[in-house]
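Text of the file data_27.cif, holding mmCIF, C-alpha atoms (C1' of nucleotides) and all ligand atoms:
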data_upload
#
loop_
_atom_site.label_atom_id
_atom_site.label_comp_id
_atom_site.auth_asym_id
_atom_site.auth_seq_id
_atom_site.Cartn_x
_atom_site.Cartn_y
_atom_site.Cartn_z
CA MET J 464 -34.85 21.52 -73.13
CA THR J 465 -36.54 18.78 -71.09
CA HIS J 466 -36.66 20.36 -67.65
CA ASP J 467 -37.00 24.04 -66.97
CA ALA J 468 -35.00 25.12 -63.94
CA TYR J 469 -37.97 27.17 -62.73
CA THR J 470 -40.52 24.38 -63.03
CA PRO J 471 -40.69 21.87 -60.17
CA HIS J 472 -39.36 18.51 -61.29
CA ASN J 473 -37.60 15.40 -60.10
CA HIS J 474 -34.08 16.68 -60.28
CA HIS J 475 -32.56 13.21 -60.11
CA HIS J 476 -33.59 12.90 -63.71
CA CYS J 477 -31.47 15.91 -64.58
CA ILE J 478 -28.46 14.45 -62.78
CA ASP J 479 -28.91 11.02 -64.33
CA ALA J 480 -29.25 12.47 -67.80
CA ALA J 481 -26.15 14.58 -67.29
CA LEU J 482 -24.11 11.57 -66.18
CA ASN J 483 -25.33 9.46 -69.07
CA ASN J 484 -24.49 12.21 -71.51
CA ALA J 485 -21.05 12.51 -69.98
CA ARG J 486 -20.39 8.79 -70.17
CA SER J 487 -21.36 8.48 -73.80
CA LEU J 488 -19.52 11.65 -74.78
CA CYS J 489 -16.36 10.45 -73.07
CA ALA J 490 -16.61 7.03 -74.67
CA GLU J 491 -17.08 8.67 -78.03
CA GLN J 492 -14.08 10.96 -77.63
CA GLY J 493 -11.78 8.52 -75.89
CA ALA J 494 -11.74 10.73 -72.79
CA ARG J 495 -11.61 9.28 -69.30
CA LEU J 496 -14.41 10.13 -66.90
CA THR J 497 -12.37 9.45 -63.78
CA PRO J 498 -14.04 9.24 -60.35
CA ILE J 499 -13.13 12.76 -59.42
CA ARG J 500 -14.30 14.17 -62.73
CA GLN J 501 -17.58 12.34 -62.47
CA ARG J 502 -18.08 13.45 -58.89
CA VAL J 503 -17.35 17.08 -59.77
CA LEU J 504 -19.88 16.87 -62.58
CA GLU J 505 -22.48 15.41 -60.20
CA LEU J 506 -21.82 18.16 -57.68
CA VAL J 507 -22.09 20.86 -60.32
CA TRP J 508 -25.41 19.30 -61.29
CA SER J 509 -26.61 19.00 -57.69
CA SER J 510 -28.83 21.99 -58.30
CA HIS J 511 -29.74 24.43 -61.03
CA LYS J 512 -27.67 27.09 -59.32
CA PRO J 513 -24.20 27.94 -60.57
CA VAL J 514 -21.63 26.69 -58.10
CA GLY J 515 -18.21 28.09 -57.28
CA ALA J 516 -15.10 25.95 -57.57
CA TYR J 517 -14.30 26.44 -53.91
CA ASP J 518 -17.79 25.38 -52.90
CA LEU J 519 -16.93 21.88 -54.07
CA LEU J 520 -13.81 21.47 -51.96
CA PRO J 521 -15.42 20.64 -48.59
CA THR J 522 -17.69 17.98 -50.06
CA LEU J 523 -14.86 16.38 -51.96
CA ALA J 524 -12.71 16.44 -48.84
CA ALA J 525 -15.44 14.77 -46.80
CA GLU J 526 -15.67 12.02 -49.39
CA GLY J 527 -11.97 11.26 -49.24
CA PHE J 528 -11.04 12.89 -52.52
CA ASN J 529 -8.13 15.19 -52.74
CA SER J 530 -9.57 18.61 -52.29
CA ALA J 531 -6.92 21.09 -53.24
CA PRO J 532 -7.91 23.82 -55.71
CA PRO J 533 -5.92 22.40 -58.65
CA THR J 534 -7.83 19.15 -58.41
CA VAL J 535 -11.16 20.86 -58.79
CA TYR J 536 -10.00 23.27 -61.46
CA ARG J 537 -8.52 20.45 -63.48
CA ALA J 538 -11.75 18.51 -63.31
CA LEU J 539 -13.70 21.61 -64.27
CA ASP J 540 -11.34 22.36 -67.16
CA PHE J 541 -11.85 18.84 -68.42
CA LEU J 542 -15.61 19.19 -68.24
CA LEU J 543 -15.49 22.61 -69.86
CA GLY J 544 -13.39 21.20 -72.67
CA LEU J 545 -15.95 18.54 -73.40
CA GLY J 546 -18.76 21.06 -73.18
CA LEU J 547 -20.33 19.33 -70.21
CA VAL J 548 -20.34 22.46 -68.08
CA HIS J 549 -20.35 26.19 -68.71
CA ARG J 550 -18.65 28.93 -66.83
CA ILE J 551 -20.79 31.83 -65.60
CA SER J 552 -18.27 34.64 -65.72
CA THR J 553 -20.30 37.24 -63.89
CA LEU J 554 -20.53 34.88 -60.91
CA ASN J 555 -17.18 33.12 -61.12
CA ALA J 556 -19.17 29.92 -61.05
CA PHE J 557 -19.94 26.81 -63.04
CA ILE J 558 -23.11 25.10 -64.14
CA GLY J 559 -23.97 21.93 -66.01
CA CYS J 560 -24.73 22.16 -69.70
CA SER J 561 -28.20 20.99 -70.59
CA GLN J 562 -27.41 20.30 -74.26
CA PRO J 563 -23.89 18.92 -74.23
CA ASN J 564 -24.00 17.29 -77.62
CA THR J 565 -24.50 20.39 -79.67
CA ASP J 566 -22.02 23.11 -80.42
CA HIS J 567 -23.61 26.20 -78.98
CA ALA J 568 -22.98 29.52 -77.34
CA SER J 569 -23.21 29.81 -73.58
CA CYS J 570 -26.43 31.71 -72.84
CA PHE J 571 -28.08 31.77 -69.43
CA PHE J 572 -30.75 33.55 -67.53
CA ILE J 573 -29.94 33.75 -63.82
CA CYS J 574 -32.46 34.75 -61.15
CA ARG J 575 -30.86 37.26 -58.84
CA ASP J 576 -33.15 36.21 -56.00
CA CYS J 577 -33.15 32.40 -55.92
CA GLY J 578 -29.98 31.98 -57.92
CA LYS J 579 -31.33 29.35 -60.28
CA ALA J 580 -30.04 29.54 -63.83
CA GLN J 581 -31.67 28.40 -67.03
CA GLU J 582 -29.68 27.70 -70.16
CA LEU J 583 -31.15 29.12 -73.33
CA ALA J 584 -30.99 27.97 -76.90
CA ALA J 585 -32.16 31.29 -78.20
CA SER J 586 -32.20 31.77 -81.91
CA GLU J 587 -31.42 35.44 -81.30
CA VAL J 588 -28.08 34.38 -79.90
CA GLN J 589 -27.14 32.85 -83.21
CA ALA J 590 -28.56 35.84 -85.04
CA LEU J 591 -26.38 38.09 -82.94
CA THR J 592 -23.26 36.23 -84.00
CA ALA J 593 -24.15 36.61 -87.65
CA GLN J 594 -25.00 40.27 -87.30
CA VAL J 595 -21.77 41.10 -85.50
CA GLU J 596 -19.68 39.25 -88.06
CA ARG J 597 -21.38 41.16 -90.82
CA ALA J 598 -21.25 44.56 -89.15
CA LEU J 599 -17.63 44.44 -87.99
CA GLY J 600 -16.07 42.07 -90.47
CA VAL J 601 -14.86 39.86 -87.64
CA LYS J 602 -14.88 36.12 -87.01
CA VAL J 603 -16.74 35.15 -83.85
CA GLU J 604 -15.34 32.06 -82.15
CA GLN J 605 -16.99 32.19 -78.79
CA GLN J 606 -20.00 33.84 -77.28
CA THR J 607 -21.31 34.10 -73.75
CA THR J 608 -24.45 35.87 -72.69
CA GLU J 609 -25.63 36.27 -69.15
CA LEU J 610 -29.01 37.72 -68.37
CA THR J 611 -29.98 38.57 -64.82
CA GLY J 612 -33.37 39.32 -63.35
CA LEU J 613 -36.24 37.63 -61.60
CA CYS J 614 -37.62 34.19 -62.36
CA PRO J 615 -41.39 33.56 -62.44
CA ALA J 616 -41.57 32.35 -58.82
CA CYS J 617 -39.47 35.19 -57.46
CA LEU J 618 -41.43 37.71 -59.53
CA GLU J 619 -44.60 36.68 -57.70
CA GLN J 620 -43.06 37.14 -54.28
CA HIS J 621 -42.25 40.76 -55.06
CA MET A 1227 -20.73 54.77 -82.88
CA THR A 1228 -18.25 57.38 -84.12
CA HIS A 1229 -14.98 55.48 -84.00
CA ASP A 1230 -14.61 51.78 -84.58
CA ALA A 1231 -11.95 50.22 -82.39
CA TYR A 1232 -10.59 48.34 -85.38
CA THR A 1233 -10.34 51.34 -87.67
CA PRO A 1234 -7.24 53.56 -87.31
CA HIS A 1235 -8.21 56.89 -85.79
CA ASN A 1236 -6.92 59.68 -83.63
CA HIS A 1237 -7.65 58.14 -80.27
CA HIS A 1238 -7.36 61.45 -78.42
CA HIS A 1239 -10.77 62.21 -79.83
CA CYS A 1240 -12.14 59.12 -78.10
CA ILE A 1241 -10.60 60.16 -74.79
CA ASP A 1242 -11.78 63.74 -75.09
CA ALA A 1243 -15.29 62.67 -75.97
CA ALA A 1244 -15.36 60.28 -73.03
CA LEU A 1245 -14.24 62.99 -70.60
CA ASN A 1246 -16.76 65.46 -71.95
CA ASN A 1247 -19.51 62.91 -71.68
CA ALA A 1248 -18.44 62.17 -68.11
CA ARG A 1249 -18.39 65.83 -67.13
CA SER A 1250 -21.82 66.57 -68.48
CA LEU A 1251 -23.29 63.38 -67.07
CA CYS A 1252 -21.88 64.14 -63.64
CA ALA A 1253 -23.14 67.71 -63.76
CA GLU A 1254 -26.57 66.46 -64.76
CA GLN A 1255 -26.72 63.92 -61.95
CA GLY A 1256 -25.05 65.98 -59.26
CA ALA A 1257 -22.20 63.49 -59.07
CA ARG A 1258 -18.63 64.55 -58.42
CA LEU A 1259 -16.01 63.69 -60.99
CA THR A 1260 -13.09 63.92 -58.54
CA PRO A 1261 -9.48 63.90 -59.79
CA ILE A 1262 -8.99 60.23 -59.11
CA ARG A 1263 -12.25 59.27 -60.78
CA GLN A 1264 -11.43 61.32 -63.82
CA ARG A 1265 -7.93 59.91 -64.01
CA VAL A 1266 -9.22 56.34 -63.73
CA LEU A 1267 -11.66 57.04 -66.53
CA GLU A 1268 -8.86 58.44 -68.68
CA LEU A 1269 -6.69 55.42 -68.00
CA VAL A 1270 -9.51 53.04 -68.82
CA TRP A 1271 -9.93 54.94 -72.06
CA SER A 1272 -6.20 55.01 -72.80
CA SER A 1273 -6.79 52.27 -75.34
CA HIS A 1274 -9.60 50.21 -76.80
CA LYS A 1275 -8.42 47.22 -74.80
CA PRO A 1276 -10.15 46.22 -71.58
CA VAL A 1277 -7.90 47.01 -68.63
CA GLY A 1278 -7.62 45.25 -65.30
CA ALA A 1279 -8.11 47.12 -62.05
CA TYR A 1280 -4.64 46.20 -60.86
CA ASP A 1281 -3.09 47.45 -64.09
CA LEU A 1282 -4.06 50.96 -63.06
CA LEU A 1283 -2.33 50.90 -59.70
CA PRO A 1284 1.28 51.53 -60.80
CA THR A 1285 0.33 54.50 -62.98
CA LEU A 1286 -1.76 56.04 -60.26
CA ALA A 1287 1.04 55.49 -57.75
CA ALA A 1288 3.57 57.16 -60.07
CA GLU A 1289 1.28 60.18 -60.34
CA GLY A 1290 1.00 60.59 -56.59
CA PHE A 1291 -2.51 59.26 -56.23
CA ASN A 1292 -3.31 56.79 -53.57
CA SER A 1293 -2.99 53.46 -55.27
CA ALA A 1294 -4.47 50.87 -52.96
CA PRO A 1295 -7.00 48.47 -54.51
CA PRO A 1296 -10.03 50.00 -52.79
CA THR A 1297 -9.26 53.36 -54.32
CA VAL A 1298 -9.36 51.98 -57.83
CA TYR A 1299 -12.34 49.76 -57.22
CA ARG A 1300 -14.29 52.64 -55.74
CA ALA A 1301 -13.55 54.81 -58.72
CA LEU A 1302 -14.53 51.99 -61.05
CA ASP A 1303 -17.73 51.36 -59.11
CA PHE A 1304 -18.59 55.03 -59.41
CA LEU A 1305 -18.00 54.97 -63.17
CA LEU A 1306 -19.92 51.71 -63.53
CA GLY A 1307 -22.81 53.22 -61.63
CA LEU A 1308 -23.00 56.15 -64.00
CA GLY A 1309 -22.66 53.84 -66.97
CA LEU A 1310 -19.38 55.39 -68.05
CA VAL A 1311 -17.56 52.09 -68.09
CA HIS A 1312 -18.51 48.45 -68.51
CA ARG A 1313 -17.07 45.38 -66.87
CA ILE A 1314 -15.86 42.57 -69.13
CA SER A 1315 -16.51 39.59 -66.89
CA THR A 1316 -14.69 37.01 -68.96
CA LEU A 1317 -11.50 39.07 -68.65
CA ASN A 1318 -11.94 40.56 -65.19
CA ALA A 1319 -11.39 43.88 -66.84
CA PHE A 1320 -13.00 47.23 -67.54
CA ILE A 1321 -13.56 49.32 -70.62
CA GLY A 1322 -15.04 52.70 -71.39
CA CYS A 1323 -18.61 52.89 -72.60
CA SER A 1324 -18.98 54.41 -76.02
CA GLN A 1325 -22.64 55.40 -75.59
CA PRO A 1326 -22.91 56.47 -71.97
CA ASN A 1327 -26.08 58.46 -72.31
CA THR A 1328 -28.34 55.62 -73.30
CA ASP A 1329 -29.65 52.78 -71.18
CA HIS A 1330 -28.28 49.71 -72.85
CA ALA A 1331 -27.00 46.21 -72.34
CA SER A 1332 -23.29 45.56 -72.20
CA CYS A 1333 -22.34 43.88 -75.47
CA PHE A 1334 -18.79 43.63 -76.75
CA PHE A 1335 -16.74 41.90 -79.36
CA ILE A 1336 -13.19 41.27 -78.17
CA CYS A 1337 -10.35 40.23 -80.47
CA ARG A 1338 -8.46 37.37 -78.86
CA ASP A 1339 -5.30 38.34 -80.72
CA CYS A 1340 -4.90 42.10 -80.37
CA GLY A 1341 -7.19 42.44 -77.39
CA LYS A 1342 -9.14 45.40 -78.74
CA ALA A 1343 -12.81 45.44 -77.88
CA GLN A 1344 -15.69 47.05 -79.72
CA GLU A 1345 -18.95 47.88 -78.04
CA LEU A 1346 -22.05 46.90 -79.99
CA ALA A 1347 -25.49 48.38 -80.09
CA ALA A 1348 -26.97 45.31 -81.68
CA SER A 1349 -30.67 45.19 -82.15
CA GLU A 1350 -30.45 41.43 -81.66
CA VAL A 1351 -29.36 42.07 -78.10
CA GLN A 1352 -32.64 43.81 -77.39
CA ALA A 1353 -34.52 41.12 -79.25
CA LEU A 1354 -32.87 38.51 -77.07
CA THR A 1355 -34.15 40.18 -73.92
CA ALA A 1356 -37.67 40.20 -75.22
CA GLN A 1357 -37.52 36.62 -76.41
CA VAL A 1358 -36.19 35.35 -73.09
CA GLU A 1359 -38.80 37.23 -71.12
CA ARG A 1360 -41.50 35.74 -73.27
CA ALA A 1361 -40.14 32.20 -73.30
CA LEU A 1362 -39.40 31.89 -69.58
CA GLY A 1363 -41.85 34.33 -68.06
CA VAL A 1364 -39.01 36.16 -66.35
CA LYS A 1365 -38.08 39.81 -65.94
CA VAL A 1366 -34.66 40.65 -67.35
CA GLU A 1367 -32.90 43.43 -65.50
CA GLN A 1368 -29.38 43.14 -66.78
CA GLN A 1369 -27.66 41.64 -69.75
CA THR A 1370 -24.04 41.17 -70.70
CA THR A 1371 -22.79 39.59 -73.88
CA GLU A 1372 -19.18 38.94 -74.71
CA LEU A 1373 -18.14 37.70 -78.11
CA THR A 1374 -14.59 36.58 -78.75
CA GLY A 1375 -12.82 35.98 -82.02
CA LEU A 1376 -10.59 37.74 -84.52
CA CYS A 1377 -10.90 41.34 -85.65
CA PRO A 1378 -10.46 42.25 -89.33
CA ALA A 1379 -6.75 43.11 -89.01
CA CYS A 1380 -5.90 39.99 -87.04
CA LEU A 1381 -7.93 37.86 -89.43
CA GLU A 1382 -5.67 38.95 -92.29
CA GLN A 1383 -2.51 38.02 -90.43
CA HIS A 1384 -3.69 34.44 -90.01
"C1'" DC O 470 -19.27 82.88 -41.90
"C1'" DG O 471 -19.62 78.32 -39.04
"C1'" DT O 472 -21.03 74.07 -38.18
"C1'" DA O 473 -23.64 69.49 -38.78
"C1'" DG O 474 -24.22 65.88 -41.99
"C1'" DA O 475 -22.86 63.48 -46.06
"C1'" DA O 476 -19.70 61.95 -49.33
"C1'" DT O 477 -15.08 60.79 -50.35
"C1'" DT O 478 -10.55 59.10 -49.44
"C1'" DG O 479 -6.60 56.70 -46.81
"C1'" DC O 480 -5.20 52.68 -44.91
"C1'" DA O 481 -4.58 47.95 -43.18
"C1'" DA O 482 -6.01 43.71 -43.23
"C1'" DC O 483 -8.35 40.04 -45.33
"C1'" DA O 484 -11.28 37.10 -48.57
"C1'" DT O 485 -11.95 34.84 -52.83
"C1'" DT O 486 -10.66 32.89 -57.12
"C1'" DA O 487 -7.19 30.82 -59.99
"C1'" DT O 488 -2.56 29.14 -61.42
"C1'" DA O 489 2.48 27.49 -61.33
"C1'" DA O 490 5.81 24.15 -60.59
"C1'" DC O 491 7.16 19.91 -59.46
"C1'" DT O 492 6.36 15.24 -58.09
"C1'" DC O 493 4.56 10.65 -58.32
"C1'" DA O 494 1.16 7.21 -59.86
"C1'" DA O 495 -1.78 5.18 -63.20
"C1'" DT O 496 -2.79 4.01 -67.80
"C1'" DC O 497 -1.93 3.19 -72.54
"C1'" DC O 498 0.46 1.40 -76.52
"C1'" DA O 499 3.95 -0.67 -79.18
"C1'" DT C 1465 7.90 -5.20 -70.57
"C1'" DG C 1466 9.25 -0.67 -71.12
"C1'" DG C 1467 8.68 4.00 -72.46
"C1'" DA C 1468 5.42 7.67 -73.30
"C1'" DT C 1469 1.38 9.97 -71.98
"C1'" DT C 1470 -1.99 11.35 -69.01
"C1'" DG C 1471 -3.92 12.24 -64.57
"C1'" DA C 1472 -3.50 13.35 -59.71
"C1'" DG C 1473 -1.10 15.01 -55.15
"C1'" DT C 1474 1.20 18.76 -52.94
"C1'" DT C 1475 2.88 23.18 -51.85
"C1'" DA C 1476 3.17 27.58 -52.72
"C1'" DT C 1477 1.84 31.75 -54.89
"C1'" DA C 1478 -0.53 34.91 -58.07
"C1'" DA C 1479 -4.48 37.66 -59.33
"C1'" DT C 1480 -8.70 39.77 -58.24
"C1'" DG C 1481 -11.81 41.87 -55.10
"C1'" DT C 1482 -13.80 43.29 -50.27
"C1'" DT C 1483 -14.45 44.87 -45.31
"C1'" DG C 1484 -14.06 48.02 -41.66
"C1'" DC C 1485 -12.85 52.04 -39.68
"C1'" DA C 1486 -10.64 56.47 -39.19
"C1'" DA C 1487 -9.56 60.85 -41.35
"C1'" DT C 1488 -10.61 64.24 -44.51
"C1'" DT C 1489 -13.17 67.07 -47.68
"C1'" DC C 1490 -17.22 68.80 -49.47
"C1'" DT C 1491 -22.11 70.61 -49.14
"C1'" DA C 1492 -26.07 72.63 -47.30
"C1'" DC C 1493 -28.22 75.31 -44.21
"C1'" DG C 1494 -28.92 78.67 -40.55
ZN ZN J 1501 -33.27 19.67 -62.54
ZN ZN J 1502 -35.83 32.96 -58.69
ZN ZN J 1503 -10.08 55.25 -80.12
ZN ZN J 1504 -21.95 50.97 -73.17
#
For the file at hand, write its structure as C-alpha cells.
Ligand SMILES: [Zn+2]
Ligand SMILES: [Zn+2]
Ligand SMILES: [Zn+2]
Ligand SMILES: [Zn+2]
Amino acid sequence: MTHDAYTPHNHHHCIDAALNNARSLCAEQGARLTPIRQRVLELVWSSHKPVGAYDLLPTLAAEGFNSAPPTVYRALDFLLGLGLVHRISTLNAFIGCSQPNTDHASCFFICRDCGKAQELAASEVQALTAQVERALGVKVEQQTTELTGLCPACLEQH
Amino acid sequence: MTHDAYTPHNHHHCIDAALNNARSLCAEQGARLTPIRQRVLELVWSSHKPVGAYDLLPTLAAEGFNSAPPTVYRALDFLLGLGLVHRISTLNAFIGCSQPNTDHASCFFICRDCGKAQELAASEVQALTAQVERALGVKVEQQTTELTGLCPACLEQH
DNA sequence: CGTAGAATTGCAACATTATAACTCAATCCA
DNA sequence: TGGATTGAGTTATAATGTTGCAATTCTACG
C-alpha cells in the first residue's frame, strides 16, 4: 500500500501506477487494453471515491466515446475480470484496485462523510476465510467486505 | 446458532423463532409489528435463501395486501432498522437475521449453487473491525461481509 | 369519550442500475 | 486472403429502488 487514500498525496502517481499495472497485466495475459477500457480505468481512478457506472457516461460522451450503458459495463466487466477494479456492492459503484497483481479478497473501508475508500490487505480477512471453511465445511471462492464509518479527517470535523 | 442452513431441519422452527423474536423485540421497543411487516418477515424467512424485494410482491398481492414496491421496501426498512433482517448487497436481496438481539456485523456465507446462506458470528469479523480502526485511524460504524462458494452438500455433488 | 398529533399505508409516478439481443467493425490466426 | 473471434454500436428493456403526497389508522392526552 503506497498511498493511503486519507493521506494527502500527488494523486497522479496513483493514476500512473494504475495504468502501468494495467498495461503490463494486459500484455502478460494477452488481453487488449482498448482506448475505451483504458479511459474507463482512468476515470475510475480519478479519485479515491467509488464511482457509479452511470457517472462515467457524460464524460465519455464529451470525449467522443460511445456512451451507452453497455459500453461502460463491458469495460468495467473487463477490468473486473482482470482484477483491476473492484465492485463496491453496498454503493453500486466501482473503484480501482490498489494491488492488482495479487489474488485477494475485496476489502474496503469507506468514509460515509467524504466518500473516500481505502482498500485493505487485512490478515484478518484471510483468517476469516479459513475460519468459515473450517466451521461450516464449505469452500470459499469469493469474499467481499465493506466497512463504513468516518475517516481520520472527517472524525476531526465532528 | 441453533439451526445451520446446510443441515436438514424442521424449518418451521426457524420461522416460529424468528416471529417470536420479532414480537418480543417490537414490544420491547414500542414498535408495531403490523400485518404486512409480519408477513414480509415470514416470507423473508420462508427459506434460508436471500430473497429479492420484488419476489415478495406477487405473494403479497395474492394475499390481498397492497403490493406496490414502496410497501415492501418500507416493511423491509422497518425490519432492517430493528435488526430483524439483513441486506445481502451482492445479491440485492434480504435474509432473516438469526441473532436479532445482539448488535453485530452482517456476515454471511452464501452457496453459489443452492443459494442458501448462513449467517456467521465469526470472531474474526470483530477482529477485523479493530484491526482496521487501528491501522487507518478510522471509526468503523458498519460492516458487511459476504463470502461466496460451495456449501457442504453442493461440494459433494461436484 | 373525542380530538390533535404521529405513524402507517395507498398510490402514482419516477429514478437508478444493469442486461438482452442483434448488428457491424476490427483484429487475429492459419 | 479468408474465416473465426473479439470488441463495440445501438436500441430496447429488465430489475431494483425512491419520492411525494393524500388517505387512513393508531396513540396519547385532556
Ligand atoms: Zn491517490
Ligand atoms: Zn472522510
Ligand atoms: Zn431453517
Ligand atoms: Zn444478524
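Between atom CA of Gly1290 of chain A and atom CA of Arg1313 of chain A there is a distance of 25.8 Å.
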Quick one: residues within 9 Å of segment 481-493 of chain O, only C-alpha atoms (C1' of nucleotides) counted, chain neighbours fewer than 6 positions away excluded, as a count of residues only?
18
Counting all atoms listed in the file, collect the residues of chain A whose closest atom lies at most 7 Å from chain J, and write them out as a PyMOL selection string.
chain A and resi 1315-1316+1350-1351+1353-1354+1363-1378
Go through A:His1239, A:Arg1300, A:His1229, A:Arg1249 one by one, measure the shortest atom-to-atom distance of each to chain O using only C-alpha atoms (C1' of nucleotides), and give the residue with the smallest value.
A:Arg1300
Please tell me which residues are no farther than 12 Å from (-12.9, 19.2, -77.5) in the file, counting all atoms listed in the file, and write them as a VMD selection string.
chain J and resid 488 to 489 491 to 494 540 to 547 563 to 566
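Proximity to chain A at a cut-off of 10 Å picks out DA476, DT477, DT478, DG479 and DC480 of chain O on chain O, counting all atoms listed in the file.
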